[in-house]
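Below: one structure, written as structure tokens.
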Amino acid sequence: MSYNAYITKEPIDGADDGPLAGRTVAVKDNISTDGVRTTAGSAMLEDYVPPYDATVVERLKAAGATIPGKTNMDEFGMGTTTETSNFGPTENPAAEGHVPGGSSGGSAAAVAAGEADLALGSDTGGSVRCPAAFCGVVGIKPTYGLVSRYGLIAYANSLEQIGPIAPTVEDAAELLEVIAGQDPNDATTRDATDEISGRTPDDDIRAYTFADAADGDVDGLEIGIPTELLAGADEDVVETFWDGIDELESKGASYHEVDLPSVEHAVEAYYVIAMSEASSNLARFDGVRYGRSGGYDGNWNETFARAREEGFGEEVKRRILLGTYALSAGYHDKYYKKAQDARAWVKQDFDSALEDADVLASPTMPVPPMERGESLDDPLKMYLADANTTPVNLANLPAISVPAGETDDGLPVGLQLVGPAFGERTIIRAGSALA
Ligand code: GLN
């Protein structure tokens, strides 16, 4: 069975030894690999071969990992189902006939199908957590600034992080240990070893310890459950979610409900901000600086327009148009500025809820994996499926998705745990009690 998890299968060898020696790590195709084609799922970059490695790829190689290939994804990360890829959709190995989630659907499918031991995805509004949930595996979106994005083809920089996908929480934590750490090539990264590991190492700024936190010990853990994130979810998803909470409770955790009134506006704010940033980030793909050529015939405007008309798919064009509109003079205050205000409100809500809880829990996705083809014609429905993941990116916090069980129809359901900034060890510890 081919799940179409990979766009390019071309192995890249790592160092002979290291913490990931003997293991394969599939890499999402928006993460640059020196000498190996990197398309971001787009016809625009069909023939693009980067001349350098992303920092995370350098770190994988130094850690001894083998990269078996580059995984399928929604075009430029824009989607929730891996159906907007120029290279065809990916099948969900855990629920055939259904989407694997997105945008890092190829990475999650590769892990779920055993076509890679581990994988990297990127998460702008849920793209690591959603496919992890839909494919029945584990995914972590790190705190903003923990992992370098140097060499990541940008979709919406103020929101995104590269994160691990793995069969277990401990495996995901091991991979996070390798990729985390300050990078002089990405000024948004910072050294948080002090907060995270409780010590400042003398020289090695990458000395994070995450895997040892995956000890399953949730005795005394206080969980906050935002009622708003349950309200919009399918009944069978909510039932499976409570099974997961029961299990945590039986191991010594306790929970209380919390209110996050702002999250009602999170999807709107997220899409305005993400599309605005995308319209600016994707301006470089004009067929001259980057991307397939529009074929110069005496008029540069037409050349650029042709390159973009032929190179971009429908969803990407929609977002560039809406983002350009939201940023245009006269509308900037009405949309972009409002979205930034909502973002600040979401952040405040999370910060205050996390004063009385160690983690916040919700279903990762409000729905089980959709049938293939179902959401393609209805972009708004697809955007609304991001209701529980996007607030976390707006707040720049860390979150993990772990399998909570299955619906009565046998479809995987993910449970999301959100922690305070640089609280990766806390969400790893809590998540490891389930997976
Ligand atoms: N589904 C969301 C979007 O389309 C999130 C994608 C992502 O995290 N890259 O924007």
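By order of appearance in the structure tokens: chains A, B, ..., then residues from 1 within every chain, and ligands from 1 in the order shown.
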
Which residues come within 12 Å of stretch 59-61 of chain A, counting only C-alpha atoms, excluding same-chain residues fewer than 5 positions away, as a PyMOL selection string? chain A and resi 11-27+33-34+53-54+66-68+118-120+147-148+150+164+174-183+206

From stretch 199-312 of chain A, collect each residue whose DSSP state is helix (DSSP H, G or I) and return the set as a VMD selection string. chain A and resid 211 to 213 228 to 231 235 to 250 261 to 284 300 to 311

Find the residues near ligand 1. Use a cut-off of 10 Å, count only C-alpha atoms and all ligand atoms, and write them as a ChimeraX atom specification. /A:73-82,84,101-104,121-131,141,154-156,159-162,267,270-271,273-275,278,315-316,319,379,382-387,389-390,393

Please produce a file of the residues just selected, as a compact mmCIF listing (two decimals), in the first residue's frame, where the atoms kept are N, CA and C atoms.
```txt
# COMPACT_ATOMS: atom_id res chain seq x y z
N MET A 73 2.73 17.43 1.97
CA MET A 73 2.15 18.49 2.81
C MET A 73 1.18 19.33 2.00
N ASP A 74 0.30 20.03 2.69
CA ASP A 74 -0.51 21.03 2.02
C ASP A 74 0.42 22.10 1.46
N GLU A 75 0.05 22.64 0.32
CA GLU A 75 0.90 23.60 -0.36
C GLU A 75 1.28 24.76 0.57
N PHE A 76 2.57 24.98 0.76
CA PHE A 76 3.11 26.01 1.66
C PHE A 76 2.56 25.91 3.08
N GLY A 77 2.04 24.75 3.46
CA GLY A 77 1.52 24.57 4.83
C GLY A 77 0.10 25.06 4.99
N MET A 78 -0.57 25.38 3.88
CA MET A 78 -1.90 25.97 3.98
C MET A 78 -2.98 24.93 3.79
N GLY A 79 -3.40 24.35 4.91
CA GLY A 79 -4.45 23.34 4.84
C GLY A 79 -4.47 22.49 6.08
N THR A 80 -5.48 21.64 6.17
CA THR A 80 -5.70 20.83 7.37
C THR A 80 -5.87 19.36 6.97
N THR A 81 -5.63 19.05 5.70
CA THR A 81 -5.93 17.70 5.22
C THR A 81 -4.86 17.08 4.30
N THR A 82 -3.83 17.84 3.94
CA THR A 82 -2.82 17.40 2.96
C THR A 82 -3.45 17.11 1.59
N THR A 84 -4.25 19.85 -0.41
CA THR A 84 -3.91 20.96 -1.30
C THR A 84 -2.50 20.80 -1.89
N GLY A 101 -4.92 14.49 8.01
CA GLY A 101 -4.72 15.78 8.67
C GLY A 101 -3.64 16.56 7.95
N GLY A 102 -3.47 17.79 8.39
CA GLY A 102 -2.47 18.59 7.71
C GLY A 102 -2.10 19.79 8.55
N SER A 103 -1.13 20.52 8.08
CA SER A 103 -0.54 20.33 6.79
C SER A 103 0.58 19.28 6.75
N SER A 104 1.10 18.86 7.91
CA SER A 104 2.21 17.90 7.90
C SER A 104 1.69 16.46 7.79
N GLY A 121 7.60 18.03 11.41
CA GLY A 121 6.59 18.81 10.73
C GLY A 121 6.79 20.27 11.11
N SER A 122 5.92 21.13 10.61
CA SER A 122 5.90 22.52 11.08
C SER A 122 4.46 22.85 11.44
N ASP A 123 4.31 23.70 12.46
CA ASP A 123 3.00 23.97 13.03
C ASP A 123 2.79 25.47 13.11
N THR A 124 1.93 25.99 12.22
CA THR A 124 1.62 27.42 12.18
C THR A 124 0.31 27.67 12.90
N GLY A 125 -0.60 26.69 12.75
CA GLY A 125 -1.91 26.82 13.41
C GLY A 125 -2.43 25.44 13.78
N GLY A 126 -1.52 24.46 13.83
CA GLY A 126 -1.94 23.11 14.21
C GLY A 126 -1.35 22.01 13.35
N SER A 127 -0.50 22.38 12.42
CA SER A 127 -0.06 21.41 11.40
C SER A 127 0.81 20.26 11.87
N VAL A 128 1.29 20.30 13.11
CA VAL A 128 1.93 19.10 13.67
C VAL A 128 0.90 18.32 14.49
N ARG A 129 0.12 19.05 15.29
CA ARG A 129 -0.83 18.40 16.21
C ARG A 129 -2.00 17.75 15.47
N CYS A 130 -2.51 18.43 14.44
CA CYS A 130 -3.67 17.88 13.71
C CYS A 130 -3.35 16.55 13.04
N PRO A 131 -2.29 16.46 12.23
CA PRO A 131 -2.02 15.16 11.62
C PRO A 131 -1.61 14.09 12.64
N LYS A 141 4.11 20.81 19.35
CA LYS A 141 4.42 22.16 18.88
C LYS A 141 5.18 22.86 20.00
N ALA A 154 8.92 29.94 4.83
CA ALA A 154 7.99 30.62 5.73
C ALA A 154 6.58 30.68 5.18
N TYR A 155 5.61 30.43 6.06
CA TYR A 155 4.21 30.65 5.76
C TYR A 155 3.77 31.87 6.59
N ALA A 156 3.79 31.77 7.91
CA ALA A 156 3.44 32.90 8.77
C ALA A 156 4.39 32.90 9.97
N LEU A 159 3.90 32.87 13.92
CA LEU A 159 3.10 31.80 14.51
C LEU A 159 3.81 30.44 14.52
N GLU A 160 4.74 30.23 13.59
CA GLU A 160 5.14 28.84 13.36
C GLU A 160 6.39 28.36 14.09
N GLN A 161 6.40 27.06 14.31
CA GLN A 161 7.52 26.34 14.91
C GLN A 161 7.63 24.97 14.22
N ILE A 162 8.86 24.48 14.11
CA ILE A 162 9.09 23.11 13.65
C ILE A 162 8.93 22.20 14.87
N VAL A 267 -9.95 31.62 15.70
CA VAL A 267 -9.82 31.19 14.30
C VAL A 267 -9.83 32.41 13.37
N TYR A 270 -6.56 34.24 13.81
CA TYR A 270 -5.48 33.44 13.22
C TYR A 270 -5.45 33.58 11.70
N TYR A 271 -6.59 33.41 11.07
CA TYR A 271 -6.59 33.43 9.61
C TYR A 271 -6.26 34.82 9.04
N ILE A 273 -4.21 36.99 10.50
CA ILE A 273 -2.77 37.17 10.69
C ILE A 273 -1.98 36.25 9.76
N ALA A 274 -2.38 34.98 9.71
CA ALA A 274 -1.63 34.01 8.89
C ALA A 274 -1.68 34.41 7.41
N MET A 275 -2.84 34.81 6.93
CA MET A 275 -2.94 35.18 5.52
C MET A 275 -2.18 36.47 5.23
N ALA A 278 1.37 35.54 5.11
CA ALA A 278 1.61 34.72 3.91
C ALA A 278 1.70 35.59 2.66
N GLU A 315 -5.85 27.30 -3.12
CA GLU A 315 -5.90 27.72 -1.72
C GLU A 315 -4.85 28.79 -1.44
N VAL A 316 -3.66 28.63 -2.03
CA VAL A 316 -2.59 29.60 -1.82
C VAL A 316 -2.98 30.94 -2.42
N ARG A 319 -5.44 32.75 -0.23
CA ARG A 319 -4.87 33.34 0.97
C ARG A 319 -4.04 34.58 0.66
N PRO A 379 -13.83 25.81 2.17
CA PRO A 379 -12.69 26.29 2.95
C PRO A 379 -13.06 26.74 4.35
N MET A 382 -13.16 23.92 6.68
CA MET A 382 -11.79 23.47 6.96
C MET A 382 -11.13 24.39 7.98
N TYR A 383 -11.31 25.71 7.83
CA TYR A 383 -10.68 26.64 8.77
C TYR A 383 -11.21 26.42 10.19
N LEU A 384 -12.53 26.14 10.30
CA LEU A 384 -13.12 25.99 11.63
C LEU A 384 -12.60 24.75 12.36
N ALA A 385 -12.12 23.78 11.61
CA ALA A 385 -11.54 22.59 12.24
C ALA A 385 -10.29 22.93 13.04
N ASP A 386 -9.74 24.14 12.84
CA ASP A 386 -8.53 24.56 13.55
C ASP A 386 -8.84 25.29 14.86
N ALA A 387 -10.11 25.20 15.32
CA ALA A 387 -10.55 25.99 16.47
C ALA A 387 -9.70 25.75 17.73
N THR A 389 -6.54 24.32 17.89
CA THR A 389 -5.08 24.39 17.75
C THR A 389 -4.58 25.82 17.56
N THR A 390 -5.32 26.63 16.77
CA THR A 390 -4.81 27.97 16.45
C THR A 390 -4.62 28.89 17.67
N ASN A 393 -1.06 28.80 18.95
CA ASN A 393 -0.05 29.52 18.16
C ASN A 393 -0.16 31.02 18.39
```

Pull the strand (DSSP E) assignments for stretch 55-124 of chain A out of DSSP run on the backbone, and list those residues as a VMD selection string. chain A and resid 70 to 71 118 to 123

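Distance-wise, atom CA of A:Ser2 and atom CA of A:Met370 end up 19.4 Å apart.
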
Could you jot down the atom CA of A:Leu221 to atom CA of A:Ala344 separation for me, Å, one decimal place? 27.3 Å

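Taking atom CA of A:Glu235 and atom CA of A:Leu415 as endpoints, the distance between them is 14.3 Å.
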
Long-range neighbours of A:Val218 as an MDAnalysis selection string, 6 Å cut-off, only C-alpha atoms, 6 positions minimum in chain: chainID A and resid 252:253 430

Quick one: residues within 12 Å of A:Gly136, only C-alpha atoms, excluding same-chain residues fewer than 5 positions away - as a PyMOL selection string? chain A and resi 92-95+100-101+105+108-113+129-131+165-168+364+368-369+401-407+410-415+435

Residues as selected, N, CA, C and O atoms, written as a compact mmCIF listing (two decimals), in the first residue's frame, can you do that?
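Dumped to result_36.txt:
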```txt
# COMPACT_ATOMS: atom_id res chain seq x y z
N ASN A 92 -4.52 8.22 4.98
CA ASN A 92 -4.32 8.05 6.42
C ASN A 92 -4.13 6.56 6.74
O ASN A 92 -5.09 5.78 6.64
N PRO A 93 -2.93 6.16 7.17
CA PRO A 93 -2.68 4.73 7.43
C PRO A 93 -3.50 4.20 8.60
O PRO A 93 -3.75 3.00 8.69
N ALA A 94 -3.94 5.10 9.50
CA ALA A 94 -4.69 4.65 10.67
C ALA A 94 -6.20 4.65 10.41
O ALA A 94 -6.97 4.16 11.25
N ALA A 95 -6.62 5.23 9.29
CA ALA A 95 -8.05 5.30 8.99
C ALA A 95 -8.21 5.47 7.48
O ALA A 95 -8.42 6.58 6.99
N PRO A 100 -5.20 12.38 6.37
CA PRO A 100 -4.25 12.20 7.47
C PRO A 100 -4.12 13.45 8.33
O PRO A 100 -3.31 13.48 9.26
N GLY A 101 -4.92 14.49 8.01
CA GLY A 101 -4.72 15.78 8.67
C GLY A 101 -3.64 16.56 7.95
O GLY A 101 -3.02 16.06 7.02
N GLY A 105 0.73 16.22 6.89
CA GLY A 105 0.11 14.90 6.79
C GLY A 105 1.06 13.81 6.36
O GLY A 105 0.97 12.67 6.83
N ALA A 108 3.15 12.63 9.48
CA ALA A 108 2.41 11.79 10.42
C ALA A 108 2.09 10.44 9.80
O ALA A 108 2.18 9.40 10.47
N ALA A 109 1.73 10.45 8.51
CA ALA A 109 1.43 9.18 7.84
C ALA A 109 2.67 8.30 7.77
O ALA A 109 2.59 7.08 7.95
N ALA A 110 3.83 8.89 7.49
CA ALA A 110 5.08 8.11 7.41
C ALA A 110 5.33 7.40 8.74
O ALA A 110 5.69 6.22 8.78
N VAL A 111 5.12 8.11 9.85
CA VAL A 111 5.35 7.51 11.17
C VAL A 111 4.28 6.45 11.46
O VAL A 111 4.59 5.33 11.89
N ALA A 112 3.02 6.77 11.17
CA ALA A 112 1.93 5.83 11.46
C ALA A 112 2.07 4.55 10.64
O ALA A 112 1.68 3.47 11.08
N ALA A 113 2.62 4.67 9.42
CA ALA A 113 2.75 3.51 8.54
C ALA A 113 4.06 2.77 8.76
O ALA A 113 4.31 1.75 8.11
N ARG A 129 0.12 19.05 15.29
CA ARG A 129 -0.83 18.40 16.21
C ARG A 129 -2.00 17.75 15.47
O ARG A 129 -2.44 16.66 15.84
N CYS A 130 -2.51 18.43 14.44
CA CYS A 130 -3.67 17.88 13.71
C CYS A 130 -3.35 16.55 13.04
O CYS A 130 -4.06 15.56 13.27
N PRO A 131 -2.29 16.46 12.23
CA PRO A 131 -2.02 15.16 11.62
C PRO A 131 -1.61 14.09 12.64
O PRO A 131 -1.92 12.91 12.45
N ILE A 165 7.19 14.56 15.38
CA ILE A 165 6.07 13.61 15.32
C ILE A 165 6.67 12.22 15.54
O ILE A 165 7.70 11.90 14.95
N ALA A 166 6.04 11.43 16.42
CA ALA A 166 6.65 10.15 16.79
C ALA A 166 5.58 9.20 17.31
O ALA A 166 4.48 9.62 17.66
N PRO A 167 5.91 7.90 17.39
CA PRO A 167 4.93 6.93 17.91
C PRO A 167 4.65 7.10 19.41
O PRO A 167 3.56 6.79 19.86
N THR A 168 5.64 7.54 20.17
CA THR A 168 5.43 7.71 21.61
C THR A 168 5.92 9.09 22.05
O THR A 168 6.70 9.74 21.34
N THR A 364 -7.66 17.66 20.53
CA THR A 364 -6.77 18.37 19.61
C THR A 364 -7.59 18.93 18.45
O THR A 364 -7.46 20.10 18.08
N PRO A 368 -13.31 14.06 14.09
CA PRO A 368 -12.41 12.97 13.69
C PRO A 368 -11.95 13.20 12.25
O PRO A 368 -12.50 14.08 11.57
N PRO A 369 -10.95 12.45 11.77
CA PRO A 369 -10.46 12.67 10.39
C PRO A 369 -11.60 12.64 9.37
O PRO A 369 -12.42 11.73 9.37
N SER A 401 0.02 16.76 21.23
CA SER A 401 -1.16 15.96 20.95
C SER A 401 -0.79 14.49 21.16
O SER A 401 0.17 14.00 20.58
N VAL A 402 -1.57 13.83 22.02
CA VAL A 402 -1.35 12.40 22.26
C VAL A 402 -2.63 11.64 21.94
O VAL A 402 -3.73 12.18 22.10
N PRO A 403 -2.52 10.39 21.50
CA PRO A 403 -3.73 9.62 21.21
C PRO A 403 -4.56 9.40 22.48
O PRO A 403 -4.01 9.00 23.51
N ALA A 404 -5.87 9.70 22.38
CA ALA A 404 -6.75 9.51 23.53
C ALA A 404 -7.58 8.25 23.37
O ALA A 404 -8.24 7.81 24.31
N GLY A 405 -7.57 7.67 22.17
CA GLY A 405 -8.41 6.51 21.89
C GLY A 405 -9.06 6.69 20.54
O GLY A 405 -8.60 7.49 19.71
N GLU A 406 -10.14 5.94 20.33
CA GLU A 406 -10.82 6.00 19.04
C GLU A 406 -12.31 6.23 19.24
O GLU A 406 -12.87 5.88 20.27
N THR A 407 -12.94 6.79 18.21
CA THR A 407 -14.41 6.91 18.24
C THR A 407 -15.01 5.52 18.02
O THR A 407 -14.30 4.56 17.70
N GLY A 410 -13.99 3.77 15.06
CA GLY A 410 -12.58 3.39 14.93
C GLY A 410 -11.68 4.49 14.40
O GLY A 410 -10.60 4.22 13.85
N LEU A 411 -12.10 5.76 14.56
CA LEU A 411 -11.27 6.86 14.07
C LEU A 411 -10.46 7.46 15.23
O LEU A 411 -11.00 7.68 16.32
N PRO A 412 -9.17 7.72 15.00
CA PRO A 412 -8.30 8.21 16.07
C PRO A 412 -8.73 9.59 16.59
O PRO A 412 -9.15 10.44 15.81
N VAL A 413 -8.61 9.78 17.89
CA VAL A 413 -8.88 11.08 18.52
C VAL A 413 -7.65 11.49 19.31
O VAL A 413 -7.08 10.69 20.05
N GLY A 414 -7.23 12.74 19.14
CA GLY A 414 -6.06 13.24 19.87
C GLY A 414 -6.48 14.11 21.03
O GLY A 414 -7.50 14.80 20.97
N LEU A 415 -5.70 14.04 22.11
CA LEU A 415 -5.91 14.90 23.27
C LEU A 415 -4.77 15.91 23.31
O LEU A 415 -3.60 15.53 23.24
N ALA A 435 0.60 8.00 26.41
CA ALA A 435 1.25 7.38 25.25
C ALA A 435 2.76 7.32 25.40
O ALA A 435 3.48 8.15 24.96
```
